[in-house]
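Notes to accompany the following structure.
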Amino acid sequence: MSLALTAGSIGASHAQVTGPVPGTPKQDLQRQDSPRTAPPKADAAPKDESRAPGETTARAKLPRDKRTQLDALFEALKLAPDESSASAVADRLDALLSETNSTAGDLLMARANAAAEAKKYDLSLALLDQVVEIEPDSVAGFSRRATIYYLQDDYTAALADIREVLAREPRHTTMLMGFAMILRELGDEPRALEAVRKALAVNPHLASAKELEGQLAVKVDGRGI
């Protein structure tokens, strides 16, 4: 199968963040792409009356603008001191990336996710088609639809949606890992290695990416990492 998605299309401008563990069933990718509990709103934190005026809190509130929130979280993910800290940041990123920009989009996503959990993939895809139509700038519908296509072994459609996600958010590690897994299955190990290394550049503590990098590096570079 011809792959139209080149290494350049996942370029330097790009989580899930957690990715699928290499060699595990495809349902793992579905589970990891499922939406998680939404991060707290910027004004949700209670006021700490014990602090002096002007004293900063231990954990600053996220800014209201979604793009600024994403940038801050991706920076925190890259600088996380250990896997546990990185996982906590990744969870918040997953929740934010699974949101659309409208109530209608979020409702359709919820219905699509419920259908996917029930393995009613045709219904889920039909609902996700609607999400993509009304929310073309959101990565949520594209990323979830890519996962469903992947579970159905429709790599052409999955790669097309991965391309759409990474064009909007090149740091989406779930899609980078999905891209790497598909390329590995198609025998394109050099590009699979490039994709997984991009995922590690976003989240250096991503265990599944480290494992996959090691496997691919032995074949591509002829040595371990």
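Residue numbering restarts at 1 for every chain of the structure tokens, chains are lettered A, B, ... in their displayed order, and ligands are numbered from 1 as they appear.
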I need the residues of region 68-187 of chain A that end up classed as helix (DSSP H, G or I) by DSSP on the backbone, written out as a ChimeraX atom specification. /A:68-79,83-97,103-117,121-134,139-151,155-168,173-185
Can you measure CA of Ser208 (chain A) to CA of Val89 (chain A) for me? One decimal in Å is fine.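 That distance, rounded to one decimal, is 16.3 Å.
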Sorted by chain and rising residue number, which residues of region 104-148 of chain A lie within 12 Å of region 167-179 of chain A, and what are their closest atom pairs and distances in Å to one decimal, counting only C-alpha atoms, as a tab-separated table?
```
residue	atom	partner	partner_atom	distance
A:Pro136	CA	A:Arg168	CA	10.0
A:Asp137	CA	A:Arg168	CA	7.3
A:Ser138	CA	A:Arg168	CA	7.8
A:Val139	CA	A:Arg168	CA	6.8
A:Ala140	CA	A:Arg168	CA	10.6
A:Phe142	CA	A:Met175	CA	10.0
A:Ser143	CA	A:Met175	CA	7.0
A:Arg144	CA	A:Met175	CA	9.7
A:Arg145	CA	A:Met175	CA	11.1
A:Ala146	CA	A:Met175	CA	8.3
A:Thr147	CA	A:Gly178	CA	8.0
A:Ile148	CA	A:Gly178	CA	11.4
```
Write out as a VMD selection string the residues lying within 7 Å of Leu73 (chain A), counting only C-alpha atoms and excluding same-chain residues fewer than 3 positions away. chain A and resid 69 to 70 76 to 77 89 93
